[in-house]
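The structure under discussion appears below in the form of structure tokens.
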Amino acid sequence: MIFHRRFSSAAVCVAVLTIAGSAAAAAPLASALGPEAVTAQPAGGFVGTLSVVPAHAPEGTPIAVTASGLPPDESFDLVWRTVTGSWKAADGEYHGRNYQPVGYRVATVRSDAGGKLAARFIAPEDFGFGHDIVLQQGAREFTQAGFSLDMTVKMSPQSGPPGTPVTLDIKGIGWRQLENSWMLVYDNNFTGWISAVSTHGSAHFAIPATGYAGTHVLQLIHGEFTFPYLNPQQNPDPDRPRFKMKFAVTAGDPVLPPAPDRQAQTSIARLPAPGELVASPAFSGIDRPVTVRGKGFTPGKTYQLGWSTVTGNRMLGAGWEERTRTIAAAKADSAGSVAFAFTVPDDLGGAHRLTVEDGDTKQTGTFWIAATAYPLKSETVRQGETVTLHLKGVGWTETANIYHVVYDDNYLGYACGFNSQGDVTVNLPATGAPGWHFIDLYPGIYKGKEVRPNNFRIPQLTYAADHPAEDLPAFHFAVHVIEDSATSAQN
């Protein structure tokens with residue numbers, strides 16, 4: 001089933017909602033349309049006119065382009081203009097988003113003797129809302145027309161027992177202000193934030209189906225300042241779409257998350273480049289064996305391996321500092337190779353610098369501590385009893401030092417692991433009607449220089465593909481709440 005929403009503005013944008021199996025046609029990524037084209041400028045004004053039909057559509061829609069009033073019998077490049085997005089995060093700080101203009105040559109077309117031409121192509125998967133389609137020769141632009149790429153949302157499945165992963169595929173998220181920050185609301189509870197900065201306007205994530213047996217309502221709403229903006233129709237830019245979906249929680253055995261040890265990362269993107277000292281494995285959680293190897297040392301000489309970490313916090317005036325301590329010692333063999341064996345310490349997550357000094361020379365390397373979670377003490381608890389969530393290896397940077405707690409798709413708050421050297425312990429009362437309840441911990445952004453949009457200290461549901469810096473995991477738990485004995489006795 002597909003729902004369309006039309007808006008009154010001249011820069012009209014139709015929101016398309018796809019439910020279950022009614023997928024849109026496959027579309028190329030914008031970068032697959034063709035090679036990059038130079039950013040052309042008009043010389044002596046625009047020449048000719050360009051028309052695009054339709055004026056707006058979702059990705060995968062055929063687009064017809066016609067032009068007239070051009071010089072006859074000449075070749076032109078047909079160019080799709082867009083941006084590439086990236087995060088600005090370095091040295092433990094978050095500085096916002098960056099979008100760089102880029103154009104892709106869709107085709108080379110030729111005008112006829114009357115100065116007319118026509119072409120067709122498929123609307124690509126890309127950032128949503130306004131794009132320019134341009135006719136140019138080299139660095140000279142002749143004419144252009146606007147096209148608006150509509151947002152689409154696909155939800156699957158439409159029903160299932162508690163804990164069913166409800167998957168949302170969103171295409172056409174914008175990059176400009178008022179178009180680039182979207183929020184998920186579940187039964188009028190704020191769940192989290194959806195980003196698409198480095199994924200070219202596309203988002204893919206899943207949340208657990210929670211609540212009573214029956215219909216539950218999910219909404220996708222824009223939010224510029226941390227939370228959803230609930231009266232967009234009265235905004236100076238009122239034509240942004242708003243999506244509403246229904247999911248039916250059914251009776252049946254719950255879909256429970258895997259055990260915490262099975263949620264540990266098996267790969268990490270964007271690991272620091274290895275140095276002269278090579279760790280095997282390159283990453284792990286705490287309390288795991290690791291070996292660091294190096295070569296080029298003096299045979300028979302004993303060396304110390306230095307382990308660097310950060311200590312302190314962002315809350316008090318003392319700040320933080322990097323400290324190095326000896327974590328292992330080893331003697332170089334006859335070939336000058338050395339192997340340091342040790343257990344990963346209980347420390348902050350992320351990169352730790354390894355050093356071995358040999359007179360005036362120093363060899364360095366890196367080991368990465370990955371965040372891990374401990375099992376719950378019990379999955380069955382009475383109403384009001386404490387549920388303890390325990391993580392190790394939480395990071396210290398502005399993009400890694402907090403985790404956000406979501407209970408039954410309702411955001412509660414965040415917990416920080418910097419001052420506690422990577423240890424996060426959260427104690428929650430078990431609440432809700434008897435039955436299964438679901439707790440999710442998502443990475444997010446603690447603070448930064450960015451003002452608009454302001455997405456700090458809220459769950460980033462799209463952390464897996466679009467986190468600003470580190471490749472971080474989320475953690476998922478389920479508790480079976482039973483009736484409180486005192487309440488039961490009163491009844």
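Each chain in the structure tokens gets a letter, A, B, ..., in the order shown, and its residues are numbered from 1; ligands are numbered from 1 in order too.
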
- Message: Give me, as a PyMOL selection string, all polymer residues having an atom no more than 6 Å from segment 341-352 of chain A, counting only C-alpha atoms and skipping those fewer than 4 positions away in the same chain.
- Response: chain A and resi 286-291+308-309+366-371+393-395+421-422

Near segment 172-182 of chain A, 10 Å: segment 203-231 of chain A residue rows, closest pairs, only C-alpha atoms, as CSV:
residue,atom,partner,partner_atom,distance
A:Ala203,CA,A:Ile173,CA,8.0
A:Leu220,CA,A:Trp182,CA,6.6
A:Ile221,CA,A:Trp182,CA,5.6
A:His222,CA,A:Trp182,CA,4.3
A:Gly223,CA,A:Trp182,CA,5.6
A:Glu224,CA,A:Ser181,CA,6.1
A:Phe225,CA,A:Ser181,CA,8.8
A:Thr226,CA,A:Ser181,CA,8.9
A:Phe227,CA,A:Trp182,CA,8.9
A:Pro228,CA,A:Trp182,CA,7.6
A:Tyr229,CA,A:Trp182,CA,9.5

Please, could you write that set of residues out with C-alpha atoms as a compact mmCIF listing (two decimals), in the first residue's frame?
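In the end it all went to again-v7.txt:
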# COMPACT_ATOMS: atom_id res chain seq x y z
CA ALA A 203 18.47 5.50 6.49
CA LEU A 220 8.32 10.11 11.45
CA ILE A 221 8.50 13.84 12.20
CA HIS A 222 11.06 16.51 11.48
CA GLY A 223 12.83 18.07 14.45
CA GLU A 224 15.36 20.88 14.20
CA PHE A 225 16.09 21.33 17.90
CA THR A 226 16.54 17.97 19.64
CA PHE A 227 12.91 16.76 19.65
CA PRO A 228 10.04 16.45 17.14
CA TYR A 229 8.44 19.67 15.92

List every residue of segment 135-224 of chain A that has an atom at most 10 Å from any atom of segment 95-109 of chain A, and for each one report the closest atom pair and its distance in Å to one decimal, counting only C-alpha atoms, with rows sorted by chain and then by increasing residue number, as CSV.
residue,atom,partner,partner_atom,distance
A:Leu135,CA,A:Val109,CA,9.0
A:Gln136,CA,A:Thr108,CA,9.7
A:Gln137,CA,A:Thr108,CA,9.7
A:Trp175,CA,A:Tyr99,CA,7.7
A:Arg176,CA,A:Tyr99,CA,9.1
A:Val197,CA,A:Arg97,CA,7.3
A:Ser198,CA,A:Arg97,CA,9.3

Next, dump the selected residues to file, keeping only C-alpha atoms, as a short mmCIF file (atom, residue, chain, number, x, y, z; two decimals), in the first residue's frame.
data_model
loop_
_atom_site.label_atom_id
_atom_site.label_comp_id
_atom_site.auth_asym_id
_atom_site.auth_seq_id
_atom_site.Cartn_x
_atom_site.Cartn_y
_atom_site.Cartn_z
CA LEU A 135 22.77 21.47 -19.35
CA GLN A 136 26.38 22.55 -19.74
CA GLN A 137 29.37 22.55 -22.05
CA TRP A 175 20.64 17.84 3.71
CA ARG A 176 19.54 21.44 4.20
CA VAL A 197 24.68 12.52 6.50
CA SER A 198 27.21 10.06 5.08
#

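Nearest residue to Glu125 of chain A, choosing from A:Leu29, A:Ala465, A:Ile268, A:Val83 and counting only C-alpha atoms: A:Leu29.
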
- Just list the residues in segment 198-406 of chain A DSSP gives helix (DSSP H, G or I) on the backbone, as a ChimeraX atom specification. /A:232-234,260-263

Residues of the last selection are to be written out with C-alpha atoms, as a compact mmCIF listing (two decimals), in the first residue's frame.
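out_1.txt, freshly written:
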# COMPACT_ATOMS: atom_id res chain seq x y z
CA PRO A 232 5.04 22.01 11.22
CA GLN A 233 1.97 23.20 9.31
CA GLN A 234 2.38 26.54 11.13
CA PRO A 260 25.04 -9.84 25.15
CA ASP A 261 28.17 -11.79 24.17
CA ARG A 262 26.58 -12.42 20.78
CA GLN A 263 25.99 -8.68 20.38
